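Q: Here you go, this is work29.cif (mmCIF, C-alpha atoms).
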```
data_structure
#
loop_
_atom_site.label_atom_id
_atom_site.label_comp_id
_atom_site.auth_asym_id
_atom_site.auth_seq_id
_atom_site.Cartn_x
_atom_site.Cartn_y
_atom_site.Cartn_z
CA MET Z 1 -115.75 35.68 -124.57
CA GLN Z 2 -115.64 38.40 -121.94
CA PHE Z 3 -116.66 37.49 -118.43
CA ASP Z 4 -116.89 39.22 -115.06
CA LYS Z 5 -116.30 36.27 -112.76
CA GLU Z 6 -114.93 32.78 -113.04
CA LEU Z 7 -115.93 29.58 -111.21
CA ASP Z 8 -113.73 26.50 -111.22
CA ALA Z 9 -116.02 23.56 -110.44
CA ARG Z 10 -113.66 20.93 -111.81
CA GLY Z 11 -113.53 17.69 -109.85
CA LEU Z 12 -116.93 18.31 -108.27
CA ASN Z 13 -119.88 16.08 -108.89
CA CYS Z 14 -123.65 16.60 -108.97
CA PRO Z 15 -125.17 18.75 -107.54
CA LEU Z 16 -122.18 20.86 -106.47
CA PRO Z 17 -121.37 22.53 -109.83
CA ILE Z 18 -124.94 23.89 -110.04
CA ILE Z 19 -125.10 25.00 -106.42
CA LYS Z 20 -121.74 26.74 -106.68
CA THR Z 21 -122.87 28.35 -109.93
CA LYS Z 22 -125.94 29.71 -108.21
CA LYS Z 23 -123.78 31.08 -105.38
CA ALA Z 24 -121.33 32.67 -107.80
CA LEU Z 25 -124.18 34.35 -109.67
CA ASN Z 26 -125.32 35.91 -106.40
CA ASP Z 27 -122.17 38.02 -106.44
CA LEU Z 28 -122.89 39.38 -109.91
CA GLY Z 29 -125.15 42.16 -111.11
CA SER Z 30 -127.78 41.82 -113.81
CA GLY Z 31 -126.23 41.39 -117.26
CA GLN Z 32 -122.83 40.32 -115.93
CA VAL Z 33 -121.28 37.10 -117.21
CA LEU Z 34 -120.01 34.09 -115.26
CA ARG Z 35 -117.62 31.54 -116.73
CA VAL Z 36 -117.91 28.06 -115.22
CA THR Z 37 -115.54 25.16 -115.80
CA SER Z 38 -116.65 21.69 -114.82
CA THR Z 39 -115.56 18.08 -115.32
CA ASP Z 40 -118.97 16.61 -114.54
CA SER Z 41 -120.42 15.45 -117.86
CA GLY Z 42 -123.89 15.65 -116.31
CA SER Z 43 -123.48 19.39 -115.99
CA LEU Z 44 -123.94 19.80 -119.77
CA LYS Z 45 -127.61 18.95 -119.41
CA ASP Z 46 -127.92 20.34 -115.88
CA MET Z 47 -126.62 23.77 -116.79
CA GLU Z 48 -129.25 24.06 -119.55
CA ALA Z 49 -131.95 23.08 -117.06
CA PHE Z 50 -130.55 25.54 -114.51
CA ALA Z 51 -130.72 28.38 -117.03
CA LYS Z 52 -134.22 27.41 -118.11
CA GLN Z 53 -135.54 27.33 -114.56
CA THR Z 54 -133.79 30.38 -113.16
CA GLY Z 55 -134.06 32.69 -116.18
CA ASN Z 56 -130.30 33.27 -116.31
CA GLU Z 57 -129.12 33.01 -119.91
CA LEU Z 58 -126.75 30.24 -120.98
CA LEU Z 59 -124.69 32.08 -123.60
CA SER Z 60 -122.63 29.06 -124.56
CA SER Z 61 -121.58 25.61 -123.47
CA ALA Z 62 -118.60 23.84 -124.94
CA GLN Z 63 -116.34 20.91 -124.35
CA ASP Z 64 -112.64 21.65 -124.07
CA GLY Z 65 -110.69 18.43 -123.65
CA GLY Z 66 -112.05 16.88 -120.46
CA ASP Z 67 -113.53 20.18 -119.31
CA TYR Z 68 -116.93 21.67 -119.93
CA VAL Z 69 -117.00 25.43 -120.20
CA PHE Z 70 -120.15 27.48 -119.71
CA PHE Z 71 -120.89 31.18 -119.99
CA LEU Z 72 -123.93 32.36 -118.09
CA LYS Z 73 -125.42 35.83 -118.18
CA LYS Z 74 -127.15 36.86 -114.99
CA LYS Z 75 -130.82 37.73 -115.31
CA MET L 1 -141.12 33.68 -111.33
CA ASP L 2 -143.79 35.38 -109.19
CA GLN L 3 -144.60 32.72 -106.65
CA PRO L 4 -141.68 30.38 -105.91
CA LYS L 5 -142.24 26.73 -106.75
CA LYS L 6 -142.48 24.39 -103.80
CA MET L 7 -141.09 20.92 -103.18
CA ALA L 8 -142.10 18.68 -100.29
CA ILE L 9 -140.16 15.54 -99.38
CA ILE L 10 -140.81 12.82 -96.84
CA ALA L 11 -137.47 11.27 -95.87
CA THR L 12 -137.91 7.87 -94.23
CA LYS L 13 -134.59 6.08 -94.64
CA GLY L 14 -131.37 6.29 -92.68
CA THR L 15 -128.69 4.52 -94.70
CA LEU L 16 -125.96 6.28 -96.64
CA ASP L 17 -127.45 5.57 -100.06
CA TRP L 18 -130.93 6.67 -99.02
CA ALA L 19 -129.69 9.77 -97.20
CA TYR L 20 -128.33 11.31 -100.39
CA PRO L 21 -131.42 11.79 -102.58
CA PRO L 22 -133.37 14.06 -100.18
CA LEU L 23 -130.31 16.22 -99.50
CA ILE L 24 -129.23 16.44 -103.15
CA LEU L 25 -132.72 17.31 -104.36
CA SER L 26 -133.34 19.81 -101.56
CA SER L 27 -130.08 21.67 -101.95
CA THR L 28 -130.48 21.80 -105.73
CA ALA L 29 -134.12 22.86 -105.64
CA ALA L 30 -133.28 25.60 -103.15
CA ALA L 31 -130.54 26.81 -105.51
CA LEU L 32 -133.15 26.97 -108.28
CA GLY L 33 -135.36 29.13 -106.10
CA TYR L 34 -137.76 26.50 -104.79
CA GLU L 35 -139.18 26.69 -101.32
CA VAL L 36 -138.37 23.29 -99.80
CA GLN L 37 -139.60 21.34 -96.80
CA VAL L 38 -138.29 17.94 -95.75
CA PHE L 39 -140.34 15.95 -93.30
CA CYS L 40 -138.08 13.42 -91.56
CA THR L 41 -139.77 10.41 -90.07
CA PHE L 42 -138.65 7.01 -88.80
CA TYR L 43 -135.06 6.39 -89.96
CA GLY L 44 -135.11 9.63 -91.92
CA LEU L 45 -134.58 11.32 -88.55
CA SER L 46 -130.94 10.31 -88.85
CA LEU L 47 -130.52 13.13 -91.40
CA LEU L 48 -131.14 15.58 -88.58
CA ARG L 49 -128.75 14.21 -86.00
CA LYS L 50 -125.88 16.49 -85.09
CA ASP L 51 -123.44 13.71 -85.83
CA LEU L 52 -124.01 12.13 -89.24
CA SER L 53 -121.20 9.59 -88.85
CA GLY L 54 -123.72 6.96 -87.70
CA ILE L 55 -125.15 6.80 -91.21
CA LYS L 56 -123.83 3.64 -92.83
CA ILE L 57 -124.30 1.36 -95.77
CA SER L 58 -124.40 -2.42 -95.66
CA PRO L 59 -123.71 -4.84 -98.49
CA LEU L 60 -125.91 -7.36 -96.68
CA ALA L 61 -129.22 -8.03 -98.46
CA ASN L 62 -128.15 -5.48 -101.04
CA PRO L 63 -127.22 -7.54 -104.12
CA ALA L 64 -127.13 -4.43 -106.33
CA MET L 65 -124.20 -2.92 -104.44
CA PRO L 66 -121.12 -3.10 -106.65
CA MET L 67 -118.31 -4.92 -104.83
CA PRO L 68 -114.64 -4.87 -105.81
CA VAL L 69 -114.59 -8.65 -105.32
CA PRO L 70 -117.56 -11.03 -105.15
CA MET L 71 -118.40 -11.56 -101.51
CA PRO L 72 -120.57 -14.38 -100.18
CA VAL L 73 -123.42 -13.41 -97.85
CA MET L 74 -121.79 -15.41 -95.06
CA VAL L 75 -118.80 -13.08 -95.27
CA GLN L 76 -120.91 -9.94 -95.54
CA MET L 77 -122.48 -10.65 -92.17
CA LEU L 78 -119.18 -10.79 -90.31
CA PRO L 79 -118.56 -8.08 -87.70
CA GLY L 80 -116.91 -5.00 -89.17
CA MET L 81 -118.13 -5.58 -92.71
CA GLU L 82 -120.65 -2.76 -92.52
CA ALA L 83 -118.04 -0.31 -91.25
CA MET L 84 -115.69 -1.42 -94.00
CA ALA L 85 -118.32 -1.08 -96.74
CA THR L 86 -119.20 2.39 -95.43
CA MET L 87 -115.59 3.48 -95.39
CA MET L 88 -115.03 2.17 -98.92
CA MET L 89 -118.14 3.92 -100.19
CA LYS L 90 -117.20 7.22 -98.56
CA ASN L 91 -113.68 7.05 -99.97
CA LYS L 92 -115.08 6.31 -103.41
CA MET L 93 -117.45 9.25 -103.16
CA LYS L 94 -114.69 11.57 -102.09
CA SER L 95 -112.49 10.51 -104.99
CA LYS L 96 -115.35 11.21 -107.41
CA GLY L 97 -116.01 14.69 -106.05
CA VAL L 98 -119.35 13.72 -104.48
CA ALA L 99 -120.28 16.01 -101.60
CA SER L 100 -120.42 14.57 -98.09
CA LEU L 101 -123.78 14.41 -96.31
CA GLU L 102 -122.53 17.09 -93.91
CA GLU L 103 -121.70 19.40 -96.79
CA LEU L 104 -125.05 18.87 -98.51
CA ARG L 105 -126.96 19.41 -95.29
CA SER L 106 -125.08 22.66 -94.64
CA LEU L 107 -125.95 23.82 -98.15
CA CYS L 108 -129.60 23.00 -97.48
CA LEU L 109 -129.64 24.91 -94.19
CA GLU L 110 -127.84 27.84 -95.74
CA ALA L 111 -130.46 27.94 -98.50
CA GLU L 112 -133.25 27.88 -95.92
CA VAL L 113 -134.53 24.40 -96.63
CA LYS L 114 -136.96 23.71 -93.79
CA PHE L 115 -136.49 20.40 -92.00
CA ILE L 116 -139.29 19.02 -89.86
CA ALA L 117 -138.69 16.19 -87.42
CA CYS L 118 -141.67 13.91 -86.98
CA GLN L 119 -142.47 14.31 -83.30
CA MET L 120 -144.19 10.92 -83.08
CA THR L 121 -141.06 9.04 -84.21
CA VAL L 122 -138.81 11.28 -82.10
CA ASP L 123 -140.83 10.08 -79.10
CA LEU L 124 -140.99 6.51 -80.37
CA PHE L 125 -137.21 6.18 -80.59
CA GLU L 126 -136.73 8.22 -77.41
CA PHE L 127 -134.54 10.80 -79.09
CA GLN L 128 -133.86 14.08 -77.33
CA ARG L 129 -134.13 17.39 -79.13
CA SER L 130 -130.51 17.90 -78.15
CA ASP L 131 -129.63 14.97 -80.46
CA PHE L 132 -130.68 17.06 -83.44
CA ILE L 133 -129.32 20.15 -85.15
CA ASP L 134 -130.77 23.54 -84.23
CA GLY L 135 -133.14 25.43 -86.47
CA ILE L 136 -135.50 22.58 -87.31
CA ASP L 137 -139.22 22.29 -86.59
CA TYR L 138 -141.06 19.49 -84.83
CA GLY L 139 -144.49 18.46 -86.03
CA GLY L 140 -146.77 15.80 -87.39
CA ALA L 141 -148.62 14.74 -90.52
CA THR L 142 -150.82 17.82 -90.44
CA THR L 143 -147.79 20.11 -90.44
CA PHE L 144 -146.41 18.30 -93.48
CA LEU L 145 -149.72 18.31 -95.36
CA ASP L 146 -150.16 22.03 -94.78
CA PHE L 147 -147.11 22.64 -96.97
CA ALA L 148 -147.37 19.57 -99.22
CA GLY L 149 -150.97 20.38 -100.16
CA SER L 150 -149.81 23.33 -102.19
CA ALA L 151 -146.42 21.95 -103.31
CA ASP L 152 -145.56 21.47 -106.98
CA ILE L 153 -143.45 18.41 -106.24
CA ASN L 154 -144.12 15.81 -103.55
CA LEU L 155 -141.67 12.99 -103.00
CA TYR L 156 -141.57 10.07 -100.63
CA ILE L 157 -138.03 8.82 -100.19
#
```
Let me see the structure of the file written as structure tokens.
A:
Amino acid sequence: MQFDKELDARGLNCPLPIIKTKKALNDLGSGQVLRVTSTDSGSLKDMEAFAKQTGNELLSSAQDGGDYVFFLKKK
Amino acid sequence: MDQPKKMAIIATKGTLDWAYPPLILSSTAAALGYEVQVFCTFYGLSLLRKDLSGIKISPLANPAMPMPVPMPVMVQMLPGMEAMATMMMKNKMKSKGVASLEELRSLCLEAEVKFIACQMTVDLFEFQRSDFIDGIDYGGATTFLDFAGSADINLYI
């Protein structure tokens, strides 16, 4: 999937992946896509909740080995 | 979202384990677009001190704290045990990628979380305003209720 910016949040634990995601989205324009990689298994659920509450669209979330990969489209 | 949601927290505790929840929830809520106020009273004032290194955790009277080896209460009360438990906990947190209190507090301040120091307890413990970080407010119950009265989430921690 195409993306405009990438965030490596591996090794970080709650709530840092979400806060860093929010910060990374600040640098993007509407419709642009952020790719986030995390190792925090809680972020699977948290990223859904983040998208739901902020209106940014979670295009996909997947597990890749020990990593969780998310694609978020900025509102 | 037209009107931002609001979260109000009363932070009353000053040990390492109790210091985390208000800071984690505040920084996260702010990232989600909430307007957040944290009213710090009694030992919760320790969250506002310039130097957070005084915040510790004690295994004493805390049977739920996981210990690497079983430790009798008589040992837990020995001098230095609290410092050791705190150091072990902080090292563990670091290895698990858990943010430090300093980091979380910076994130809160950056995201414009409003901290209010309870003036009554500041006076009670004879703290000076110079003991605390800049950019916080000082007030009482009425100040808190003014915000909390219209908050979507109210927590007492």
Q: Hey, what's within 7 Å of stretch 7-22 of chain Z if we count all atoms listed in the file and toss same-chain stuff fewer than 6 positions away? As a list in words, please?
A: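 So the residues in contact are Arg35, Val36, Thr37, Ser38, Thr39, Asp40 and Met47 of chain Z; Ile24, Thr28, Ala31, Lys96, Gly97 and Val98 of chain L.
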Q: I'd like the neighbourhood of L:Thr121 as a list in words, where a residue qualifies if any of its atoms comes within 9 Å (using all atoms listed in the file), though same-chain residues fewer than 6 positions away should be ignored.
A: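 Returned residues: Thr41, Phe42, Tyr43, Leu45 and Phe127 of chain L.
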Q: May I have the selected residues written with C-alpha atoms, as a JSON list (two decimals), in the frame of the given file?
A:
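Okay, this is what ended up in out.json:
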```json
[["chain", "number", "residue", "atom", "x", "y", "z"],
["L", 41, "THR", "CA", -139.77, 10.41, -90.07],
["L", 42, "PHE", "CA", -138.65, 7.01, -88.80],
["L", 43, "TYR", "CA", -135.06, 6.39, -89.96],
["L", 45, "LEU", "CA", -134.58, 11.32, -88.55],
["L", 127, "PHE", "CA", -134.54, 10.80, -79.09]]
```
Q: Which residue, L:Glu35, L:Glu102, L:Asp17, L:Glu82, has the smallest gap to L:Ser53 when you use all atoms listed in the file?
A: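 Using all atoms listed in the file, L:Ser53 sits closest to L:Glu102.
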Q: I'd like the neighbourhood of L:Lys6 as a list of chain:residue names, where a residue qualifies if any of its atoms comes within 10 Å (using all atoms listed in the file), though same-chain residues fewer than 5 positions away should be ignored.
A: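 The filter keeps L:Ala29, L:Ala30, L:Gly33, L:Tyr34, L:Glu35, L:Val36, L:Gln37, L:Phe147, L:Ala148, L:Ser150, L:Ala151, L:Asp152, L:Ile153, L:Asn154.
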Q: Go through the shown structure with the PyMOL selection byres ((chain Z and resi 34) around 8) and write out the matching residues as an NGL selection string.
A: :Z and (3-7 or 24-25 or 32-33 or 35-36 or 70-74)
Q: Just say which residues the PyMOL selection byres ((chain L and resi 110-112) around 8) picks in this file, as an MDAnalysis selection string.
A: chainID L and resid 27 30:31 36 106:109 113:114
